[in-house]
>>> print(open('input-v6.tsv').read())   # TSV, C-alpha atoms
chain	number	residue	atom	x	y	z
A	24	MET	CA	-172.77	120.89	264.19
A	25	ALA	CA	-172.95	124.71	263.80
A	26	ALA	CA	-173.14	124.56	260.02
A	27	VAL	CA	-175.96	122.05	260.14
A	28	ILE	CA	-178.16	123.96	262.56
A	29	LEU	CA	-177.51	127.36	261.03
A	30	GLY	CA	-178.70	126.03	257.69
A	31	VAL	CA	-181.94	124.44	258.89
A	32	SER	CA	-184.22	127.30	257.94
A	33	MET	CA	-182.27	128.93	255.16
A	34	PRO	CA	-184.64	129.30	252.19
A	35	ALA	CA	-183.71	127.44	249.05
A	36	GLY	CA	-181.67	129.62	246.75
A	37	CYS	CA	-180.60	132.13	249.39
A	38	GLY	CA	-177.16	133.41	250.10
A	39	SER	CA	-174.19	131.65	251.55
A	40	GLN	CA	-170.59	132.64	251.98
A	41	THR	CA	-170.25	132.59	248.22
A	42	GLY	CA	-173.25	134.76	247.39
A	43	HIS	CA	-176.74	134.37	245.93
A	44	LYS	CA	-177.89	131.74	243.49
A	45	GLY	CA	-181.55	130.84	243.07
A	46	LYS	CA	-185.09	132.01	242.46
A	47	ASP	CA	-185.11	134.61	245.24
A	48	GLN	CA	-182.26	136.42	243.50
A	49	ALA	CA	-183.64	136.03	239.98
A	50	TYR	CA	-184.52	139.72	239.70
A	51	PHE	CA	-181.06	140.81	240.72
A	52	ASP	CA	-179.43	138.47	238.19
A	53	GLN	CA	-181.69	139.69	235.40
A	54	LYS	CA	-180.51	143.24	235.97
A	55	GLU	CA	-176.96	142.25	234.93
A	56	ARG	CA	-175.39	143.19	238.21
A	57	GLY	CA	-172.53	145.65	237.98
A	58	GLN	CA	-173.10	146.58	234.36
A	59	GLY	CA	-174.73	149.31	232.32
A	60	ILE	CA	-176.07	151.80	234.86
A	61	SER	CA	-173.59	154.54	233.83
A	62	LYS	CA	-170.43	154.99	231.78
A	63	MET	CA	-169.14	157.20	234.59
A	64	LEU	CA	-169.24	154.46	237.24
A	65	SER	CA	-166.85	151.53	237.51
A	66	TYR	CA	-168.19	148.42	239.26
A	67	THR	CA	-165.87	146.89	241.87
A	68	GLU	CA	-167.76	144.17	243.77
A	69	SER	CA	-171.08	143.11	245.31
A	70	MET	CA	-171.94	142.87	248.99
A	71	ASP	CA	-171.41	139.39	250.39
A	72	LEU	CA	-174.78	138.48	251.91
A	73	GLN	CA	-174.82	135.27	253.90
A	74	PHE	CA	-178.54	134.93	254.66
A	75	ALA	CA	-180.61	137.85	253.34
A	76	CYS	CA	-182.40	137.22	250.04
A	77	ARG	CA	-184.52	140.29	249.52
A	78	PHE	CA	-182.00	143.01	248.77
A	79	ALA	CA	-178.59	143.29	247.16
A	80	VAL	CA	-175.85	145.90	246.96
A	81	ASP	CA	-173.30	146.57	244.22
A	82	TYR	CA	-170.27	148.77	244.91
A	83	TYR	CA	-168.63	151.21	242.51
A	84	GLU	CA	-165.43	153.23	242.65
A	85	ASP	CA	-165.27	156.48	244.64
A	86	GLY	CA	-167.82	155.39	247.26
A	87	TYR	CA	-170.91	154.88	245.10
A	88	ALA	CA	-173.28	151.98	245.88
A	89	LEU	CA	-176.34	150.59	244.13
A	90	ILE	CA	-179.07	149.09	246.34
A	91	LEU	CA	-181.53	146.69	244.72
A	92	THR	CA	-184.73	145.61	246.46
A	93	GLU	CA	-187.10	142.78	245.66
A	94	ASN	CA	-189.88	145.06	244.41
A	95	GLY	CA	-187.71	146.02	241.45
A	96	LYS	CA	-186.46	149.34	242.80
A	97	ARG	CA	-182.86	150.49	242.42
A	98	TYR	CA	-181.22	153.25	244.46
A	99	LEU	CA	-177.84	154.82	243.77
A	100	VAL	CA	-176.25	156.04	247.00
A	101	VAL	CA	-174.04	159.02	246.16
A	102	PRO	CA	-171.24	160.04	248.55
A	103	GLU	CA	-171.30	163.53	250.08
A	104	ASP	CA	-168.65	164.89	247.74
A	105	GLY	CA	-170.00	163.09	244.66
A	106	GLU	CA	-172.41	163.90	241.84
A	107	ALA	CA	-175.05	161.69	240.24
A	108	PRO	CA	-173.99	160.57	236.74
A	109	GLU	CA	-175.78	162.42	233.96
A	110	ASP	CA	-176.35	159.23	231.98
A	111	LEU	CA	-177.91	157.33	234.88
A	112	ASP	CA	-180.92	155.16	234.05
A	113	GLN	CA	-184.04	157.20	234.82
A	114	GLU	CA	-185.52	154.29	236.77
A	115	ILE	CA	-182.73	154.51	239.34
A	116	THR	CA	-183.49	156.71	242.36
A	117	VAL	CA	-180.62	158.87	243.56
A	118	LEU	CA	-179.99	159.03	247.32
A	119	ARG	CA	-177.43	161.63	248.36
A	120	ARG	CA	-175.59	161.32	251.63
A	121	PRO	CA	-176.13	162.51	254.24
A	122	LEU	CA	-179.73	161.30	254.29
A	123	ASN	CA	-181.16	163.65	256.88
A	124	ASN	CA	-184.63	163.79	258.43
A	125	ILE	CA	-185.61	160.29	257.34
A	126	TYR	CA	-189.29	159.39	257.80
A	127	LEU	CA	-188.97	155.97	259.46
A	128	VAL	CA	-192.15	153.92	259.34
A	129	ALA	CA	-190.66	150.39	259.25
A	130	THR	CA	-190.58	149.51	262.95
A	131	ALA	CA	-187.91	146.83	262.60
A	132	ALA	CA	-185.47	149.33	261.10
A	133	MET	CA	-185.36	151.59	264.16
A	134	ASP	CA	-183.32	149.13	266.21
A	135	MET	CA	-180.84	148.97	263.34
A	136	PHE	CA	-180.49	152.75	263.32
A	137	CYS	CA	-179.87	152.58	267.08
A	138	GLN	CA	-177.19	149.93	266.60
A	139	LEU	CA	-175.51	152.19	264.02
A	140	ASP	CA	-175.72	155.22	266.33
A	141	GLY	CA	-177.83	156.70	263.56
A	142	LEU	CA	-180.82	158.31	265.29
A	143	ASP	CA	-179.48	161.70	264.20
A	144	PHE	CA	-180.48	160.75	260.65
A	145	VAL	CA	-184.11	160.12	261.66
A	146	GLY	CA	-186.36	163.17	261.64
A	147	PHE	CA	-189.81	161.61	261.58
A	148	SER	CA	-191.43	158.51	263.05
A	149	GLY	CA	-194.46	156.49	262.02
A	150	GLN	CA	-195.16	155.81	265.71
A	151	LYS	CA	-195.79	158.13	268.61
A	152	SER	CA	-193.23	158.21	271.41
A	153	ASP	CA	-195.25	155.96	273.71
A	154	GLY	CA	-195.33	153.30	270.98
A	155	TRP	CA	-191.57	152.79	271.16
A	156	ALA	CA	-190.10	150.42	273.71
A	157	MET	CA	-186.56	151.67	273.02
A	158	GLU	CA	-185.73	154.31	275.61
A	159	GLU	CA	-183.32	156.23	273.37
A	160	VAL	CA	-186.02	156.63	270.70
A	161	ARG	CA	-188.59	157.84	273.21
A	162	GLN	CA	-186.10	160.37	274.56
A	163	GLU	CA	-185.35	161.73	271.10
A	164	MET	CA	-189.06	162.16	270.42
A	165	GLU	CA	-189.71	163.78	273.80
A	166	LYS	CA	-186.89	166.24	273.06
A	167	GLY	CA	-188.47	167.02	269.70
A	168	ASN	CA	-185.50	165.69	267.71
A	169	ILE	CA	-187.75	163.07	266.09
A	170	LEU	CA	-191.32	164.11	265.30
A	171	TYR	CA	-194.39	161.96	264.88
A	172	ALA	CA	-195.49	162.30	261.24
A	173	GLY	CA	-198.41	159.88	260.99
A	174	LYS	CA	-198.80	156.21	260.18
A	175	TYR	CA	-197.97	154.59	256.87
A	176	ASP	CA	-201.46	155.17	255.45
A	177	SER	CA	-201.93	158.74	256.69
A	178	PRO	CA	-198.63	160.64	256.82
A	179	ASP	CA	-198.47	164.32	257.69
A	180	TYR	CA	-197.24	165.45	254.29
A	181	GLU	CA	-196.90	169.09	255.30
A	182	ARG	CA	-194.71	168.26	258.29
A	183	ILE	CA	-192.58	165.79	256.30
A	184	VAL	CA	-192.01	168.09	253.33
A	185	SER	CA	-191.39	171.26	255.35
A	186	GLY	CA	-188.99	169.31	257.55
A	187	GLY	CA	-186.68	168.51	254.64
A	188	CYS	CA	-187.26	164.74	254.58
A	189	SER	CA	-184.75	163.01	252.29
A	190	LEU	CA	-186.13	159.43	252.40
A	191	ALA	CA	-189.17	157.49	253.58
A	192	VAL	CA	-188.41	153.97	254.89
A	193	GLU	CA	-191.67	152.05	254.79
A	194	ASN	CA	-192.72	148.49	255.63
A	195	ASN	CA	-194.64	146.27	253.24
A	196	MET	CA	-197.98	147.70	254.40
A	197	ILE	CA	-197.34	150.63	252.06
A	198	THR	CA	-198.07	148.29	249.14
A	199	HIS	CA	-201.73	148.44	250.21
A	200	CYS	CA	-201.63	152.24	249.89
A	201	PRO	CA	-199.70	152.88	246.65
A	202	GLU	CA	-201.21	156.36	246.44
A	203	VAL	CA	-199.29	157.33	249.60
A	204	ALA	CA	-195.96	156.29	248.12
A	205	GLU	CA	-196.82	158.09	244.88
A	206	LYS	CA	-197.64	161.28	246.72
A	207	LEU	CA	-194.44	161.17	248.76
A	208	GLU	CA	-192.45	160.68	245.57
A	209	SER	CA	-194.32	163.56	243.91
A	210	PHE	CA	-192.88	165.77	246.64
A	211	GLY	CA	-189.39	164.52	245.78
A	212	ILE	CA	-189.18	162.12	248.73
A	213	PRO	CA	-187.90	158.66	247.67
A	214	VAL	CA	-189.62	155.63	249.18
A	215	LEU	CA	-187.68	152.49	250.16
A	216	ILE	CA	-189.56	149.41	251.37
A	217	ASP	CA	-188.03	147.35	254.16
A	218	SER	CA	-188.85	143.68	253.41
A	219	SER	CA	-186.81	142.23	256.26
A	220	SER	CA	-189.93	140.67	257.78
A	221	TYR	CA	-190.18	138.37	254.74
A	222	GLU	CA	-186.72	136.90	255.28
A	223	SER	CA	-187.23	133.29	256.35
A	224	HIS	CA	-183.98	132.94	258.23
A	225	PRO	CA	-183.67	135.06	261.41
A	226	LEU	CA	-180.17	136.10	260.40
A	227	GLY	CA	-181.58	137.23	257.06
A	228	ARG	CA	-183.71	139.75	258.94
A	229	VAL	CA	-180.72	140.89	260.96
A	230	GLU	CA	-178.55	141.22	257.84
A	231	TRP	CA	-180.70	144.13	256.65
A	232	ILE	CA	-178.57	146.27	258.94
A	233	LYS	CA	-175.98	146.13	256.16
A	234	LEU	CA	-178.39	147.97	253.84
A	235	TYR	CA	-178.79	150.74	256.41
A	236	GLY	CA	-175.04	150.79	256.90
A	237	VAL	CA	-174.74	151.67	253.20
A	238	LEU	CA	-177.39	154.39	253.45
A	239	LEU	CA	-175.73	156.02	256.46
A	240	GLY	CA	-172.13	155.40	255.39
A	241	ARG	CA	-171.50	153.11	258.36
A	242	GLN	CA	-170.80	149.79	256.68
A	243	GLU	CA	-168.13	148.65	259.17
A	244	ALA	CA	-170.42	149.20	262.15
A	245	ALA	CA	-173.20	147.32	260.35
A	246	SER	CA	-170.97	144.33	259.61
A	247	ALA	CA	-169.78	144.25	263.23
A	248	ALA	CA	-173.36	144.30	264.56
A	249	PHE	CA	-174.35	141.49	262.20
A	250	ASP	CA	-171.29	139.41	263.14
A	251	ARG	CA	-172.22	139.63	266.83
A	252	GLN	CA	-175.55	137.96	266.07
A	253	VAL	CA	-173.88	135.27	263.95
A	254	LYS	CA	-171.58	134.44	266.87
A	255	ALA	CA	-174.58	134.12	269.20
A	256	PHE	CA	-176.22	131.69	266.76
A	257	LYS	CA	-173.05	129.64	266.55
A	258	ARG	CA	-172.81	129.42	270.34
A	259	VAL	CA	-176.25	127.82	270.44
A	260	ALA	CA	-175.47	125.61	267.44
A	261	ASP	CA	-172.63	124.06	269.40
A	262	MET	CA	-174.95	123.10	272.25
A	263	GLU	CA	-177.04	119.95	272.51
A	264	ALA	CA	-180.54	120.12	270.98
A	265	SER	CA	-183.37	119.30	273.39
A	266	GLY	CA	-185.95	118.22	270.80
A	267	LYS	CA	-188.65	119.72	273.04
A	268	THR	CA	-191.83	121.06	271.43
A	269	ALA	CA	-192.94	124.67	271.81
A	270	ALA	CA	-196.00	126.62	270.68
A	271	PHE	CA	-195.93	130.39	270.12
A	272	PHE	CA	-199.37	132.04	270.11
A	273	TYR	CA	-201.83	134.57	271.46
A	274	ILE	CA	-205.61	134.66	271.94
A	275	THR	CA	-207.43	137.18	269.74
A	276	ALA	CA	-210.29	139.40	270.89
A	277	ASN	CA	-212.84	137.02	269.36
A	278	GLY	CA	-211.38	133.93	271.02
A	279	MET	CA	-209.40	132.63	268.06
A	280	VAL	CA	-205.75	131.58	268.33
A	281	SER	CA	-203.11	133.43	266.33
A	282	VAL	CA	-200.04	131.32	265.53
A	283	ARG	CA	-196.93	131.76	263.39
A	284	THR	CA	-196.71	129.81	260.15
A	285	ALA	CA	-193.87	127.33	259.69
A	286	SER	CA	-191.91	129.64	257.36
A	287	ASP	CA	-191.91	132.56	259.83
A	288	TYR	CA	-188.76	133.52	261.70
A	289	VAL	CA	-190.12	132.64	265.18
A	290	PRO	CA	-190.59	128.92	264.35
A	291	ALA	CA	-187.17	129.12	262.69
A	292	LEU	CA	-185.67	130.41	265.95
A	293	ILE	CA	-187.27	127.55	267.86
A	294	ARG	CA	-185.89	124.99	265.41
A	295	LEU	CA	-182.45	126.60	265.40
A	296	ALA	CA	-182.51	126.56	269.21
A	297	GLY	CA	-182.90	122.79	269.10
A	298	GLY	CA	-186.65	122.55	269.56
A	299	ARG	CA	-189.69	121.66	267.45
A	300	TYR	CA	-192.41	124.20	266.70
A	301	VAL	CA	-196.12	123.35	266.92
A	302	PRO	CA	-198.51	123.63	265.24
A	303	ASP	CA	-196.50	123.12	262.06
A	304	VAL	CA	-198.67	125.18	259.68
A	305	ASP	CA	-197.34	125.68	256.15
A	306	GLU	CA	-198.47	128.88	254.39
A	307	LYS	CA	-195.55	129.44	252.03
A	308	GLU	CA	-197.68	130.18	248.99
A	309	SER	CA	-199.52	133.04	250.66
A	310	ARG	CA	-196.34	134.42	252.30
A	311	ARG	CA	-198.31	134.96	255.48
A	312	SER	CA	-196.30	134.90	258.68
A	313	THR	CA	-199.37	134.40	260.90
A	314	MET	CA	-202.72	132.68	260.74
A	315	VAL	CA	-205.67	132.20	263.08
A	316	MET	CA	-207.36	128.95	264.01
A	317	GLN	CA	-210.18	127.76	266.19
A	318	MET	CA	-209.24	126.99	269.80
A	319	GLU	CA	-210.29	123.36	269.34
A	320	GLU	CA	-207.88	123.02	266.42
A	321	PHE	CA	-205.06	124.56	268.44
A	322	TYR	CA	-205.88	122.24	271.33
A	323	LEU	CA	-205.43	119.15	269.18
A	324	ALA	CA	-202.12	120.43	267.78
A	325	ALA	CA	-200.49	121.85	270.91
A	326	LYS	CA	-202.04	120.34	274.04
A	327	ASP	CA	-199.02	118.04	274.49
A	328	ALA	CA	-196.41	120.71	273.72
A	329	ASP	CA	-193.61	120.82	276.26
A	330	TYR	CA	-193.60	124.63	276.34
A	331	LEU	CA	-196.06	127.41	275.60
A	332	VAL	CA	-194.82	130.91	274.72
A	333	TYR	CA	-197.46	133.63	274.80
A	334	ASN	CA	-196.91	136.46	272.33
A	335	SER	CA	-197.58	139.67	274.25
A	336	THR	CA	-196.83	142.08	271.40
A	337	ILE	CA	-200.46	142.48	270.37
A	338	ASP	CA	-202.40	141.36	273.42
A	339	GLY	CA	-200.23	142.77	276.19
A	340	GLU	CA	-198.04	141.10	278.78
A	341	LEU	CA	-199.47	138.50	281.16
A	342	GLU	CA	-198.57	138.20	284.82
A	343	SER	CA	-199.66	134.65	285.70
A	344	ILE	CA	-200.81	131.29	284.36
A	345	GLU	CA	-204.16	132.00	285.98
A	346	GLU	CA	-204.51	135.11	283.80
A	347	LEU	CA	-203.77	132.98	280.74
A	348	ILE	CA	-206.41	130.40	281.65
A	349	MET	CA	-208.94	133.20	282.14
A	350	LYS	CA	-208.56	133.91	278.43
A	351	GLU	CA	-209.46	130.30	277.57
A	352	ASN	CA	-210.33	127.53	280.06
A	353	LEU	CA	-209.15	124.79	277.68
A	354	LEU	CA	-205.55	125.97	278.14
A	355	GLY	CA	-205.70	124.54	281.65
A	356	ASP	CA	-205.60	121.05	280.14
A	357	PHE	CA	-202.36	121.70	278.25
A	358	LYS	CA	-199.31	119.73	279.37
A	359	ALA	CA	-197.14	122.87	279.54
A	360	VAL	CA	-199.67	124.65	281.75
A	361	GLN	CA	-199.95	121.71	284.13
A	362	GLU	CA	-196.15	121.43	284.37
A	363	GLY	CA	-195.58	125.18	284.72
A	364	ASN	CA	-193.68	125.54	281.47
A	365	VAL	CA	-195.45	128.69	280.25
A	366	TRP	CA	-193.47	131.74	279.16
A	367	CYS	CA	-194.34	135.18	277.83
A	368	THR	CA	-192.48	137.55	275.53
A	369	ASP	CA	-191.62	141.11	276.39
A	370	ARG	CA	-194.00	143.48	274.66
A	371	ASP	CA	-191.20	145.08	272.63
A	372	LEU	CA	-190.00	141.80	271.07
A	373	TYR	CA	-190.63	142.89	267.46
A	374	GLN	CA	-188.93	146.23	267.93
A	375	GLN	CA	-185.75	144.41	268.96
A	376	SER	CA	-184.90	143.37	265.42
A	377	MET	CA	-181.20	143.07	266.27
A	378	SER	CA	-181.73	140.62	269.14
A	379	ALA	CA	-182.26	137.46	267.08
A	380	GLY	CA	-179.14	135.83	268.48
A	381	LEU	CA	-180.11	136.72	272.04
A	382	MET	CA	-183.64	135.42	271.47
A	383	MET	CA	-182.31	132.15	270.11
A	384	GLU	CA	-180.08	131.74	273.18
A	385	ASP	CA	-183.05	132.46	275.45
A	386	ILE	CA	-185.21	129.87	273.71
A	387	HIS	CA	-182.43	127.30	274.05
A	388	ARG	CA	-182.16	128.12	277.78
A	389	MET	CA	-185.93	127.76	278.15
A	390	LEU	CA	-186.04	124.42	276.34
A	391	SER	CA	-183.15	123.06	278.40
A	392	GLY	CA	-185.35	122.90	281.50
A	393	ASP	CA	-182.29	123.91	283.54
A	394	ALA	CA	-183.46	126.36	286.21
A	395	ASP	CA	-180.02	127.96	286.56
A	396	ARG	CA	-179.75	128.56	282.80
A	397	GLN	CA	-183.32	129.86	282.68
A	398	LYS	CA	-182.37	132.59	285.16
A	399	GLU	CA	-180.17	134.08	282.41
A	400	ILE	CA	-183.12	134.58	280.04
A	401	GLN	CA	-183.64	138.22	279.01
A	402	CYS	CA	-186.28	138.32	276.23
A	403	LEU	CA	-188.82	136.01	277.90
A	404	TYR	CA	-190.20	135.58	281.39
A	405	GLN	CA	-191.87	132.60	283.04
A	406	LEU	CA	-195.48	132.75	284.17
A	407	LYS	CA	-196.20	131.41	287.65
>>> encode(input="input-v6.tsv", output="structure tokens")
Amino acid sequence: MAAVILGVSMPAGCGSQTGHKGKDQAYFDQKERGQGISKMLSYTESMDLQFACRFAVDYYEDGYALILTENGKRYLVVPEDGEAPEDLDQEITVLRRPLNNIYLVATAAMDMFCQLDGLDFVGFSGQKSDGWAMEEVRQEMEKGNILYAGKYDSPDYERIVSGGCSLAVENNMITHCPEVAEKLESFGIPVLIDSSSYESHPLGRVEWIKLYGVLLGRQEAASAAFDRQVKAFKRVADMEASGKTAAFFYITANGMVSVRTASDYVPALIRLAGGRYVPDVDEKESRRSTMVMQMEEFYLAAKDADYLVYNSTIDGELESIEELIMKENLLGDFKAVQEGNVWCTDRDLYQQSMSAGLMMEDIHRMLSGDADRQKEIQCLYQLK
């Protein structure tokens, strides 16, 4: 049963135990993996990725590694005692360990650095201290060990450059500001884009920790952290599926309803936890993970859902069902509201990128309807 459920949301052509084959890996195949980057480097093997589709890693002798990302970038990670080959392709960016004073803008990556005990490598943050839910990150910023250096579209170049930044880890929003990436690179600061949010399978998002394990030289710790999440998924896969329906949403400032599209990782978690996600909106062509709809449209699609989960990340945490109904009176007619099956996420849900397995277990506990099991839930809380 585990193999069936774990494969429900795996995108066509993504990895398995035997590696990548399919359209999502077309770029990597075209680059003739393991060949031709330098006569001084001997290819040994490629990283075995089980779920992630949007990066790849090739290993070479003497501790060298080549990271490939879906935007066509290639990065050669050079060990501390190594030198970059003189005949290296000019399109390949050299990253020398240790990568100190990293400018970390990709929010999802911070939890991975925490899991790798790698906050010492982070020198600059794209969020202020009060924007982080992770206590250890806030403490490092309050101590001055990690400095706020501006958002993705308005970095403090002077602070970043004078602070000896060795790498900027950005999210996909940087693609809307190419001039920012170009300016960082003009100062000799490489830019790597974290595309984990575009991984369709929740474990694909989690597997990005292996990329950061390569950057920091902590591959074993990364593999161990990933394996813990795989085990959590398998525990749920061995349990009975409820088949209950659940909607995941929030009310926008103008009264619209924001929902996750069917290809997003949250609906995938609900399906993997044995439930059915509503409304089942397909936006694969646009690659959007969210969309907004009129309240009347949401009412027709989700009024009979067994469970409602309110997304507090943008709108803030709710304290009661009454507070939810105050946002929109029509919600009072929903089956889940009338039966008291309304839950809310913790505000820091999206910063906990390494909690996919825990979140899946919590959703399964919620959908079970078992009050004793629901007491064990950690990432959600029930509205009364």
>>> closest_residue(input="input-v6.tsv", among="A:Ser281, A:Gly141, A:Ala75, A:Thr313", to="Leu226 (chain A)", atoms="all atoms listed in the file")
A:Ala75
>>> closest_residue(input="input-v6.tsv", among="A:Gly355, A:Gly105, A:Pro225, A:Gly149", to="Glu84 (chain A)", atoms="all atoms listed in the file")
A:Gly105
>>> residues_around(input="input-v6.tsv", residues="Pro178 (chain A)", least_positions_apart="5", cutoff="12 Å", atoms="all atoms listed in the file", output="tab-separated table (two decimals) with C-alpha atoms, in the frame of the given file")
chain	number	residue	atom	x	y	z
A	126	TYR	CA	-189.29	159.39	257.80
A	127	LEU	CA	-188.97	155.97	259.46
A	128	VAL	CA	-192.15	153.92	259.34
A	147	PHE	CA	-189.81	161.61	261.58
A	148	SER	CA	-191.43	158.51	263.05
A	149	GLY	CA	-194.46	156.49	262.02
A	150	GLN	CA	-195.16	155.81	265.71
A	170	LEU	CA	-191.32	164.11	265.30
A	171	TYR	CA	-194.39	161.96	264.88
A	172	ALA	CA	-195.49	162.30	261.24
A	173	GLY	CA	-198.41	159.88	260.99
A	183	ILE	CA	-192.58	165.79	256.30
A	184	VAL	CA	-192.01	168.09	253.33
A	191	ALA	CA	-189.17	157.49	253.58
A	193	GLU	CA	-191.67	152.05	254.79
A	197	ILE	CA	-197.34	150.63	252.06
A	200	CYS	CA	-201.63	152.24	249.89
A	202	GLU	CA	-201.21	156.36	246.44
A	203	VAL	CA	-199.29	157.33	249.60
A	204	ALA	CA	-195.96	156.29	248.12
A	206	LYS	CA	-197.64	161.28	246.72
A	207	LEU	CA	-194.44	161.17	248.76
>>> closest_residue(input="input-v6.tsv", among="A:Asn352, A:Thr130, A:Ser286, A:Gln138", to="Asn195 (chain A)", atoms="all atoms listed in the file")
A:Thr130
>>> closest_residue(input="input-v6.tsv", among="A:Ala247, A:Ala270, A:Ile125, A:Val229", to="Pro213 (chain A)", atoms="all atoms listed in the file")
A:Ile125
>>> build_atoms(input="input-v6.tsv", residues="region 59-71 of chain A", atoms="N, CA and C atoms", output="PDB file, in the coordinates of the input")
ATOM      1  N   GLY A  59    -173.785 148.517 233.084  1.00  0.00           N
ATOM      2  CA  GLY A  59    -174.730 149.310 232.320  1.00  0.00           C
ATOM      3  C   GLY A  59    -175.478 150.419 232.999  1.00  0.00           C
ATOM      4  N   ILE A  60    -175.267 150.731 234.275  1.00  0.00           N
ATOM      5  CA  ILE A  60    -176.070 151.800 234.860  1.00  0.00           C
ATOM      6  C   ILE A  60    -175.502 153.172 234.510  1.00  0.00           C
ATOM      7  N   SER A  61    -174.189 153.258 234.218  1.00  0.00           N
ATOM      8  CA  SER A  61    -173.590 154.540 233.830  1.00  0.00           C
ATOM      9  C   SER A  61    -172.174 154.304 233.321  1.00  0.00           C
ATOM     10  N   LYS A  62    -171.801 155.072 232.286  1.00  0.00           N
ATOM     11  CA  LYS A  62    -170.430 154.990 231.780  1.00  0.00           C
ATOM     12  C   LYS A  62    -169.451 155.674 232.733  1.00  0.00           C
ATOM     13  N   MET A  63    -169.986 156.453 233.655  1.00  0.00           N
ATOM     14  CA  MET A  63    -169.140 157.200 234.590  1.00  0.00           C
ATOM     15  C   MET A  63    -168.817 156.418 235.853  1.00  0.00           C
ATOM     16  N   LEU A  64    -169.451 155.247 236.028  1.00  0.00           N
ATOM     17  CA  LEU A  64    -169.240 154.460 237.240  1.00  0.00           C
ATOM     18  C   LEU A  64    -168.563 153.138 236.909  1.00  0.00           C
ATOM     19  N   SER A  65    -167.569 152.781 237.710  1.00  0.00           N
ATOM     20  CA  SER A  65    -166.850 151.530 237.510  1.00  0.00           C
ATOM     21  C   SER A  65    -167.185 150.562 238.645  1.00  0.00           C
ATOM     22  N   TYR A  66    -167.796 149.445 238.283  1.00  0.00           N
ATOM     23  CA  TYR A  66    -168.190 148.420 239.260  1.00  0.00           C
ATOM     24  C   TYR A  66    -166.949 147.777 239.876  1.00  0.00           C
ATOM     25  N   THR A  67    -166.998 147.545 241.196  1.00  0.00           N
ATOM     26  CA  THR A  67    -165.870 146.890 241.870  1.00  0.00           C
ATOM     27  C   THR A  67    -166.252 145.526 242.424  1.00  0.00           C
ATOM     28  N   GLU A  68    -167.350 145.444 243.167  1.00  0.00           N
ATOM     29  CA  GLU A  68    -167.760 144.170 243.770  1.00  0.00           C
ATOM     30  C   GLU A  68    -169.188 144.275 244.272  1.00  0.00           C
ATOM     31  N   SER A  69    -169.747 143.146 244.718  1.00  0.00           N
ATOM     32  CA  SER A  69    -171.080 143.110 245.310  1.00  0.00           C
ATOM     33  C   SER A  69    -170.975 142.725 246.781  1.00  0.00           C
ATOM     34  N   MET A  70    -171.920 143.190 247.564  1.00  0.00           N
ATOM     35  CA  MET A  70    -171.940 142.870 248.990  1.00  0.00           C
ATOM     36  C   MET A  70    -172.122 141.374 249.182  1.00  0.00           C
ATOM     37  N   ASP A  71    -171.312 140.804 250.068  1.00  0.00           N
ATOM     38  CA  ASP A  71    -171.410 139.390 250.390  1.00  0.00           C
ATOM     39  C   ASP A  71    -172.498 139.197 251.438  1.00  0.00           C
TER      40      ASP A  71
END
